[in-house]
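**Student:** Structure supplied as query-v1.pdb; contents: PDB, C-alpha atoms, pLDDT in the B column.
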```pdb
ATOM      1  CA  MET A   1     187.972  25.292  71.720  1.00 46.00           C
ATOM      2  CA  GLY A   2     187.165  22.657  69.079  1.00 45.00           C
ATOM      3  CA  GLU A   3     184.852  20.807  71.445  1.00 44.00           C
ATOM      4  CA  GLU A   4     182.849  23.998  72.027  1.00 45.00           C
ATOM      5  CA  ILE A   5     182.489  24.850  68.328  1.00 41.00           C
ATOM      6  CA  TYR A   6     181.389  21.504  66.883  1.00 39.00           C
ATOM      7  CA  PRO A   7     178.206  21.060  68.956  1.00 41.00           C
ATOM      8  CA  TRP A   8     177.100  24.542  67.925  1.00 35.00           C
ATOM      9  CA  LEU A   9     177.688  23.729  64.262  1.00 33.00           C
ATOM     10  CA  ILE A  10     175.778  20.465  64.515  1.00 31.00           C
ATOM     11  CA  LEU A  11     172.804  22.245  66.111  1.00 32.00           C
ATOM     12  CA  VAL A  12     172.628  24.826  63.326  1.00 33.00           C
ATOM     13  CA  VAL A  13     172.706  22.216  60.579  1.00 31.00           C
ATOM     14  CA  THR A  14     170.040  20.120  62.290  1.00 32.00           C
ATOM     15  CA  VAL A  15     167.667  23.063  62.689  1.00 31.00           C
ATOM     16  CA  ASN A  16     168.073  24.045  59.050  1.00 34.00           C
ATOM     17  CA  ILE A  17     167.312  20.530  57.858  1.00 29.00           C
ATOM     18  CA  VAL A  18     164.183  20.317  59.984  1.00 30.00           C
ATOM     19  CA  CYS A  19     162.936  23.629  58.596  1.00 29.00           C
ATOM     20  CA  VAL A  20     163.432  22.523  54.987  1.00 30.00           C
ATOM     21  CA  VAL A  21     161.737  19.163  55.456  1.00 30.00           C
ATOM     22  CA  GLY A  22     158.828  20.654  57.363  1.00 31.00           C
ATOM     23  CA  THR A  23     158.041  23.358  54.807  1.00 30.00           C
ATOM     24  CA  SER A  24     155.398  22.611  52.171  1.00 34.00           C
ATOM     25  CA  PRO A  25     155.988  24.178  48.747  1.00 37.00           C
ATOM     26  CA  ILE A  26     153.405  26.830  47.891  1.00 35.00           C
ATOM     27  CA  PRO A  27     152.686  27.565  44.209  1.00 40.00           C
ATOM     28  CA  GLN A  28     153.374  31.187  43.391  1.00 38.00           C
ATOM     29  CA  ASN A  29     152.085  31.471  39.813  1.00 41.00           C
ATOM     30  CA  THR A  30     148.364  31.634  40.581  1.00 41.00           C
ATOM     31  CA  THR A  31     147.056  34.723  38.793  1.00 45.00           C
ATOM     32  CA  THR A  32     144.645  34.482  35.894  1.00 44.00           C
ATOM     33  CA  GLU A  33     145.784  36.675  33.044  1.00 47.00           C
ATOM     34  CA  ASN A  34     142.863  36.849  30.611  1.00 67.00           C
ATOM     35  CA  ILE A  35     139.103  36.500  30.449  1.00 89.00           C
ATOM     36  CA  CYS A  36     137.805  34.007  27.899  1.00 93.00           C
ATOM     37  CA  GLN A  37     135.057  35.645  25.849  1.00 92.00           C
ATOM     38  CA  ARG A  38     134.418  32.863  23.340  1.00 93.00           C
ATOM     39  CA  LYS A  39     131.136  30.985  23.191  1.00 96.00           C
ATOM     40  CA  LEU A  40     131.936  27.814  25.134  1.00 97.00           C
ATOM     41  CA  ASP A  41     129.996  25.147  27.001  1.00 98.00           C
ATOM     42  CA  VAL A  42     132.421  23.814  29.608  1.00 98.00           C
ATOM     43  CA  VAL A  43     131.680  20.687  31.655  1.00 98.00           C
ATOM     44  CA  PHE A  44     133.839  19.825  34.664  1.00 98.00           C
ATOM     45  CA  VAL A  45     134.039  16.095  35.403  1.00 98.00           C
ATOM     46  CA  VAL A  46     135.550  15.749  38.877  1.00 98.00           C
ATOM     47  CA  ASP A  47     136.804  12.622  40.628  1.00 97.00           C
ATOM     48  CA  MET A  48     135.486  12.225  44.190  1.00 96.00           C
ATOM     49  CA  SER A  49     136.527   8.611  44.794  1.00 95.00           C
ATOM     50  CA  SER A  50     137.765   7.403  48.178  1.00 95.00           C
ATOM     51  CA  SER A  51     141.422   7.626  47.113  1.00 93.00           C
ATOM     52  CA  ILE A  52     141.129  11.411  47.278  1.00 95.00           C
ATOM     53  CA  TRP A  53     141.352  12.703  50.824  1.00 95.00           C
ATOM     54  CA  ILE A  54     138.818  15.351  51.808  1.00 95.00           C
ATOM     55  CA  PRO A  55     141.401  18.204  51.986  1.00 96.00           C
ATOM     56  CA  ASP A  56     142.607  17.279  48.494  1.00 96.00           C
ATOM     57  CA  PHE A  57     139.064  17.164  47.166  1.00 96.00           C
ATOM     58  CA  TYR A  58     138.532  20.717  48.345  1.00 96.00           C
ATOM     59  CA  LEU A  59     141.801  21.757  46.720  1.00 97.00           C
ATOM     60  CA  GLN A  60     140.225  20.519  43.478  1.00 97.00           C
ATOM     61  CA  LEU A  61     137.157  22.635  44.095  1.00 98.00           C
ATOM     62  CA  LYS A  62     139.229  25.706  44.935  1.00 98.00           C
ATOM     63  CA  PHE A  63     141.177  25.190  41.711  1.00 98.00           C
ATOM     64  CA  LEU A  64     137.967  25.081  39.661  1.00 98.00           C
ATOM     65  CA  HIS A  65     136.550  28.051  41.562  1.00 98.00           C
ATOM     66  CA  ASP A  66     139.615  30.074  40.598  1.00 97.00           C
ATOM     67  CA  LEU A  67     139.668  28.760  37.018  1.00 97.00           C
ATOM     68  CA  VAL A  68     136.089  29.947  36.491  1.00 97.00           C
ATOM     69  CA  GLY A  69     137.362  33.445  37.190  1.00 95.00           C
ATOM     70  CA  SER A  70     138.886  33.378  33.711  1.00 95.00           C
ATOM     71  CA  PHE A  71     135.522  32.754  31.988  1.00 96.00           C
ATOM     72  CA  ASP A  72     133.058  35.403  30.812  1.00 95.00           C
ATOM     73  CA  ILE A  73     129.985  33.762  32.304  1.00 95.00           C
ATOM     74  CA  ASN A  74     128.109  36.976  33.069  1.00 87.00           C
ATOM     75  CA  GLY A  75     128.206  37.950  29.398  1.00 77.00           C
ATOM     76  CA  GLU A  76     126.706  34.600  28.343  1.00 83.00           C
ATOM     77  CA  ASN A  77     129.798  33.649  26.374  1.00 95.00           C
ATOM     78  CA  VAL A  78     130.774  30.745  28.635  1.00 97.00           C
ATOM     79  CA  ARG A  79     128.442  28.333  30.377  1.00 97.00           C
ATOM     80  CA  VAL A  80     129.693  25.921  33.028  1.00 98.00           C
ATOM     81  CA  GLY A  81     128.290  22.633  34.292  1.00 98.00           C
ATOM     82  CA  LEU A  82     129.717  20.266  36.900  1.00 98.00           C
ATOM     83  CA  LEU A  83     129.363  16.580  37.584  1.00 98.00           C
ATOM     84  CA  THR A  84     131.255  14.466  40.080  1.00 98.00           C
ATOM     85  CA  PHE A  85     131.964  10.764  39.930  1.00 97.00           C
ATOM     86  CA  SER A  86     132.965   7.859  42.112  1.00 97.00           C
ATOM     87  CA  SER A  87     130.871   4.664  42.144  1.00 96.00           C
ATOM     88  CA  ASP A  88     128.230   6.652  40.246  1.00 96.00           C
ATOM     89  CA  ALA A  89     128.134   9.967  38.410  1.00 97.00           C
ATOM     90  CA  THR A  90     126.267  12.843  40.041  1.00 97.00           C
ATOM     91  CA  MET A  91     125.065  15.998  38.337  1.00 97.00           C
ATOM     92  CA  GLN A  92     125.944  18.900  40.633  1.00 98.00           C
ATOM     93  CA  PHE A  93     124.632  21.618  38.314  1.00 98.00           C
ATOM     94  CA  TYR A  94     123.878  21.978  34.615  1.00 98.00           C
ATOM     95  CA  LEU A  95     125.079  24.421  31.999  1.00 97.00           C
ATOM     96  CA  ASN A  96     121.896  26.478  32.363  1.00 96.00           C
ATOM     97  CA  THR A  97     121.608  26.319  36.160  1.00 97.00           C
ATOM     98  CA  TYR A  98     123.605  29.508  36.748  1.00 96.00           C
ATOM     99  CA  SER A  99     124.181  32.561  34.569  1.00 94.00           C
ATOM    100  CA  ALA A 100     126.534  34.547  36.813  1.00 95.00           C
ATOM    101  CA  ARG A 101     130.172  33.789  37.591  1.00 95.00           C
ATOM    102  CA  ASP A 102     129.802  34.304  41.334  1.00 96.00           C
ATOM    103  CA  GLU A 103     126.888  31.843  41.431  1.00 97.00           C
ATOM    104  CA  VAL A 104     128.935  29.208  39.636  1.00 98.00           C
ATOM    105  CA  ARG A 105     131.918  29.709  41.935  1.00 98.00           C
ATOM    106  CA  LYS A 106     129.734  29.466  45.034  1.00 98.00           C
ATOM    107  CA  ALA A 107     128.096  26.285  43.737  1.00 98.00           C
ATOM    108  CA  ILE A 108     131.483  24.691  43.064  1.00 98.00           C
ATOM    109  CA  LEU A 109     132.671  25.281  46.627  1.00 98.00           C
ATOM    110  CA  ALA A 110     129.430  23.836  48.012  1.00 98.00           C
ATOM    111  CA  VAL A 111     130.002  20.366  46.514  1.00 97.00           C
ATOM    112  CA  LYS A 112     130.518  17.599  49.098  1.00 96.00           C
ATOM    113  CA  SER A 113     132.726  14.549  48.638  1.00 93.00           C
ATOM    114  CA  GLU A 114     131.040  11.141  48.864  1.00 90.00           C
ATOM    115  CA  GLY A 115     133.854   8.662  48.211  1.00 92.00           C
ATOM    116  CA  GLY A 116     133.538   5.359  46.394  1.00 95.00           C
ATOM    117  CA  SER A 117     135.201   3.687  43.416  1.00 95.00           C
ATOM    118  CA  THR A 118     136.357   5.305  40.161  1.00 95.00           C
ATOM    119  CA  ASN A 119     133.761   4.731  37.451  1.00 97.00           C
ATOM    120  CA  THR A 120     135.079   7.301  35.020  1.00 97.00           C
ATOM    121  CA  HIS A 121     133.194   5.780  32.096  1.00 97.00           C
ATOM    122  CA  LEU A 122     129.852   6.586  33.745  1.00 98.00           C
ATOM    123  CA  ALA A 123     130.887  10.206  34.180  1.00 98.00           C
ATOM    124  CA  LEU A 124     131.943  10.550  30.546  1.00 98.00           C
ATOM    125  CA  GLN A 125     128.719   8.937  29.353  1.00 98.00           C
ATOM    126  CA  ARG A 126     126.507  11.230  31.409  1.00 97.00           C
ATOM    127  CA  ALA A 127     128.553  14.292  30.472  1.00 98.00           C
ATOM    128  CA  LYS A 128     127.838  13.612  26.786  1.00 97.00           C
ATOM    129  CA  ASP A 129     124.326  12.199  26.964  1.00 97.00           C
ATOM    130  CA  GLU A 130     122.823  14.320  29.740  1.00 97.00           C
ATOM    131  CA  MET A 131     124.906  17.421  30.392  1.00 97.00           C
ATOM    132  CA  LEU A 132     125.604  18.389  26.784  1.00 98.00           C
ATOM    133  CA  THR A 133     121.959  18.534  25.753  1.00 98.00           C
ATOM    134  CA  LEU A 134     119.661  21.363  24.713  1.00 97.00           C
ATOM    135  CA  LYS A 135     117.472  20.669  27.730  1.00 97.00           C
ATOM    136  CA  HIS A 136     120.337  21.313  30.120  1.00 97.00           C
ATOM    137  CA  GLY A 137     121.769  24.383  28.429  1.00 96.00           C
ATOM    138  CA  SER A 138     124.098  23.117  25.712  1.00 97.00           C
ATOM    139  CA  ARG A 139     124.114  25.369  22.655  1.00 97.00           C
ATOM    140  CA  SER A 140     124.508  24.314  19.027  1.00 95.00           C
ATOM    141  CA  ASP A 141     126.446  27.473  18.211  1.00 95.00           C
ATOM    142  CA  ALA A 142     128.967  27.015  21.044  1.00 97.00           C
ATOM    143  CA  ASP A 143     132.086  24.861  21.227  1.00 97.00           C
ATOM    144  CA  HIS A 144     131.901  22.071  23.784  1.00 98.00           C
ATOM    145  CA  VAL A 145     134.685  21.182  26.210  1.00 98.00           C
ATOM    146  CA  ILE A 146     134.857  18.505  28.916  1.00 98.00           C
ATOM    147  CA  ILE A 147     137.576  18.891  31.568  1.00 98.00           C
ATOM    148  CA  VAL A 148     138.260  15.687  33.526  1.00 98.00           C
ATOM    149  CA  ILE A 149     140.234  15.661  36.786  1.00 97.00           C
ATOM    150  CA  THR A 150     141.226  12.287  38.245  1.00 96.00           C
ATOM    151  CA  ASP A 151     143.883  10.801  40.492  1.00 93.00           C
ATOM    152  CA  GLY A 152     143.922   7.197  39.333  1.00 88.00           C
ATOM    153  CA  LEU A 153     143.039   4.472  36.865  1.00 92.00           C
ATOM    154  CA  SER A 154     139.341   3.939  36.267  1.00 95.00           C
ATOM    155  CA  MET A 155     137.590   0.753  37.379  1.00 95.00           C
ATOM    156  CA  ASN A 156     136.791  -0.143  33.762  1.00 96.00           C
ATOM    157  CA  PRO A 157     139.522   1.194  31.437  1.00 96.00           C
ATOM    158  CA  LYS A 158     137.979  -0.397  28.347  1.00 97.00           C
ATOM    159  CA  ALA A 159     134.607   1.258  28.949  1.00 97.00           C
ATOM    160  CA  THR A 160     136.341   4.553  29.724  1.00 97.00           C
ATOM    161  CA  ALA A 161     138.219   4.419  26.407  1.00 97.00           C
ATOM    162  CA  THR A 162     134.980   3.594  24.564  1.00 98.00           C
ATOM    163  CA  GLN A 163     133.104   6.531  26.090  1.00 98.00           C
ATOM    164  CA  ALA A 164     136.007   8.872  25.371  1.00 98.00           C
ATOM    165  CA  GLN A 165     135.986   7.781  21.726  1.00 98.00           C
ATOM    166  CA  LYS A 166     132.242   8.467  21.465  1.00 98.00           C
ATOM    167  CA  ILE A 167     132.788  11.953  22.881  1.00 98.00           C
ATOM    168  CA  HIS A 168     135.562  12.660  20.376  1.00 98.00           C
ATOM    169  CA  GLN A 169     133.351  11.456  17.516  1.00 97.00           C
ATOM    170  CA  ALA A 170     130.636  13.853  18.689  1.00 97.00           C
ATOM    171  CA  GLY A 171     133.042  16.764  18.201  1.00 97.00           C
ATOM    172  CA  VAL A 172     133.492  17.483  21.897  1.00 98.00           C
ATOM    173  CA  GLU A 173     136.980  18.444  23.044  1.00 98.00           C
ATOM    174  CA  VAL A 174     138.284  16.654  26.144  1.00 98.00           C
ATOM    175  CA  ILE A 175     141.023  17.957  28.426  1.00 98.00           C
ATOM    176  CA  ALA A 176     142.371  15.383  30.908  1.00 98.00           C
ATOM    177  CA  ILE A 177     144.107  16.370  34.136  1.00 98.00           C
ATOM    178  CA  GLY A 178     145.942  13.690  36.084  1.00 96.00           C
ATOM    179  CA  VAL A 179     146.979  14.132  39.703  1.00 96.00           C
ATOM    180  CA  GLY A 180     149.599  12.000  41.438  1.00 93.00           C
ATOM    181  CA  ARG A 181     149.592   8.436  40.124  1.00 88.00           C
ATOM    182  CA  ALA A 182     146.892   8.931  37.514  1.00 90.00           C
ATOM    183  CA  ASN A 183     147.339   6.551  34.586  1.00 94.00           C
ATOM    184  CA  LYS A 184     149.064   8.413  31.746  1.00 94.00           C
ATOM    185  CA  GLU A 185     147.844   6.030  29.065  1.00 95.00           C
ATOM    186  CA  GLU A 186     144.231   6.491  30.116  1.00 97.00           C
ATOM    187  CA  LEU A 187     144.654  10.269  30.286  1.00 97.00           C
ATOM    188  CA  ALA A 188     145.938  10.212  26.707  1.00 97.00           C
ATOM    189  CA  GLU A 189     142.962   8.106  25.610  1.00 97.00           C
ATOM    190  CA  MET A 190     140.501  10.519  27.175  1.00 98.00           C
ATOM    191  CA  ALA A 191     142.121  13.699  25.865  1.00 98.00           C
ATOM    192  CA  SER A 192     141.269  14.873  22.364  1.00 97.00           C
ATOM    193  CA  ARG A 193     144.924  15.499  21.549  1.00 96.00           C
ATOM    194  CA  PRO A 194     148.303  15.104  23.299  1.00 96.00           C
ATOM    195  CA  GLU A 195     148.570  18.757  24.286  1.00 96.00           C
ATOM    196  CA  PHE A 196     145.254  18.413  26.141  1.00 98.00           C
ATOM    197  CA  VAL A 197     146.853  16.215  28.806  1.00 97.00           C
ATOM    198  CA  PHE A 198     147.948  17.936  32.015  1.00 97.00           C
ATOM    199  CA  ALA A 199     149.667  16.243  34.953  1.00 96.00           C
ATOM    200  CA  VAL A 200     150.669  17.415  38.419  1.00 96.00           C
ATOM    201  CA  SER A 201     152.360  15.493  41.223  1.00 94.00           C
ATOM    202  CA  ASN A 202     149.752  16.359  43.868  1.00 95.00           C
ATOM    203  CA  PHE A 203     146.691  18.503  44.422  1.00 96.00           C
ATOM    204  CA  ASN A 204     148.728  21.385  45.857  1.00 95.00           C
ATOM    205  CA  TYR A 205     150.147  21.996  42.391  1.00 96.00           C
ATOM    206  CA  LEU A 206     146.884  22.276  40.454  1.00 97.00           C
ATOM    207  CA  GLN A 207     147.088  26.051  40.712  1.00 96.00           C
ATOM    208  CA  GLU A 208     150.344  25.997  38.743  1.00 96.00           C
ATOM    209  CA  ILE A 209     148.547  24.844  35.589  1.00 97.00           C
ATOM    210  CA  ARG A 210     145.580  27.192  35.943  1.00 97.00           C
ATOM    211  CA  ASN A 211     146.710  29.853  33.494  1.00 95.00           C
ATOM    212  CA  SER A 212     147.778  27.396  30.822  1.00 96.00           C
ATOM    213  CA  LEU A 213     144.573  25.383  31.280  1.00 97.00           C
ATOM    214  CA  ALA A 214     142.448  28.523  30.946  1.00 96.00           C
ATOM    215  CA  LYS A 215     144.210  29.426  27.702  1.00 96.00           C
ATOM    216  CA  THR A 216     143.922  25.894  26.331  1.00 96.00           C
ATOM    217  CA  THR A 217     140.227  25.739  27.178  1.00 97.00           C
ATOM    218  CA  CYS A 218     139.512  29.075  25.522  1.00 95.00           C
ATOM    219  CA  LYS A 219     141.252  27.958  22.325  1.00 92.00           C
ATOM    220  CA  CYS A 220     139.269  24.705  22.008  1.00 86.00           C
TER     221      CYS A 220
END
```
Once you've parsed the file, please lay out its structure as structure tokens.

**Tutor:**
Amino acid sequence: MGEEIYPWLILVVTVNIVCVVGTSPIPQNTTTENICQRKLDVVFVVDMSSSIWIPDFYLQLKFLHDLVGSFDINGENVRVGLLTFSSDATMQFYLNTYSARDEVRKAILAVKSEGGSTNTHLALQRAKDEMLTLKHGSRSDADHVIIVITDGLSMNPKATATQAQKIHQAGVEVIAIGVGRANKEELAEMASRPEFVFAVSNFNYLQEIRNSLAKTTCKC
């Protein structure tokens, strides 16, 4: 009897283990609770370097697409611009390119990854000097926020720290989001204050910080 029972028990345990290992965790807390109706100019600075696989890059875009759902763009309270960076920094759209939330969300999902190195300092420089300008939709009576998403250390940490300091001195708030093995020290240097640093273990978990990020951004 014992010889008939044990193989059955071993089979059940093996199947259960395989199911647990093969199941990817899915974030459940993904609803956006409130709509931000403050006057904000928000610039997304998004890493598209070669260390980010294409599926993960599009998880970033989906995260931003959903985050924008918490902004009152149609009512002209919030304006959104987006630039991506790798070896160079690329303006995807400016603060005054779109005036409707659905247009912004569609434009975010249309961005294509190019790969390359991680020249974060170039992205920060162009965000301040080109994106946050009157010509490209920045408003003097609005608060300015830059949200950086990156998965690693920049190619030139010293230059990145210098550009971040210039942004802080200009009165622009910076929120830094690190994914995976992003350098915590560099995230802290970029962020305007400690509570403006967010970190997740991989791109699947970005959605878990969406509500708290939306609230933090609206309070800047």

**Student:** Of the candidates A:Cys218, A:Val42, A:Leu153, A:Leu206, which one gets nearest to Asn183 in chain A if we count all atoms listed in the file?

**Tutor:**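 The answer is A:Leu153, which sits nearest to Asn183 in chain A.
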
**Student:** Name the residues that the PyMOL selection byres ((chain A and resi 123) around 9) pulls out of this structure, and write them as a ChimeraX atom specification.

**Tutor:** /A:45-46,83-86,88-90,119-122,124-128

**Student:** Any idea what the distance is between CA of Ala110 in chain A and CA of Ala191 in chain A?

**Tutor:**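 CA of Ala191 in chain A lies 27.5 Å from CA of Ala110 in chain A.
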
**Student:** What does the PyMOL selection byres ((chain A and resi 59-76) around 10) select in this file, as a ChimeraX atom specification?

**Tutor:** /A:30-40,42,44,46-48,52-58,77-80,82,98-112,149-150,203-211,213-215,217-218

**Student:** Around the point (146.2, 18.4, 29.1), in the coordinates given by the file, pick out the residues reaching within 8 Å, counting only C-alpha atoms, and return them as a JSON list (two decimals) with C-alpha atoms, in the coordinates of the input.

**Tutor:**
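What follows is the written file selection-v6.json:
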```json
[["chain", "number", "residue", "atom", "x", "y", "z"],
["A", 175, "ILE", "CA", 141.02, 17.96, 28.43],
["A", 176, "ALA", "CA", 142.37, 15.38, 30.91],
["A", 177, "ILE", "CA", 144.11, 16.37, 34.14],
["A", 191, "ALA", "CA", 142.12, 13.70, 25.86],
["A", 194, "PRO", "CA", 148.30, 15.10, 23.30],
["A", 195, "GLU", "CA", 148.57, 18.76, 24.29],
["A", 196, "PHE", "CA", 145.25, 18.41, 26.14],
["A", 197, "VAL", "CA", 146.85, 16.22, 28.81],
["A", 198, "PHE", "CA", 147.95, 17.94, 32.02],
["A", 199, "ALA", "CA", 149.67, 16.24, 34.95],
["A", 213, "LEU", "CA", 144.57, 25.38, 31.28]]
```

**Student:** Go through A:Ser49, A:Ser113, A:Leu95, A:Glu189 one by one, measure the shortest atom-to-atom distance of each to Gln163 in chain A using only C-alpha atoms, and give the residue with the smallest value.

**Tutor:**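 The answer is A:Glu189, which sits nearest to Gln163 in chain A.
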
**Student:** What's the separation between CA of Ile147 in chain A and CA of Gln92 in chain A, in Å to one decimal place?

**Tutor:** 14.7 Å

**Student:** Provide the CA of Ser50 in chain A to CA of His136 in chain A distance in Å, to one decimal place.

**Tutor:**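 Separation between CA of Ser50 in chain A and CA of His136 in chain A: 28.7 Å.
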
**Student:** Just want the 12 Å neighbourhood of Lys135 in chain A, counted on all atoms listed in the file, with same-chain residues fewer than 3 positions away dropped. Output as number ranges by chain.

**Tutor:** A: 94-97, 129-132, 138-140

**Student:** Using only the atoms of range 158-163 of chain A listed in the file, plus 6 Å on each side, state the axis-aligned box centre and edge lengths in Å rounded to one decimal, as AutoDock Vina command-line options.

**Tutor:**
```
--center_x 135.7 --center_y 3.1 --center_z 27.1 --size_x 17.1 --size_y 18.9 --size_z 17.2
```
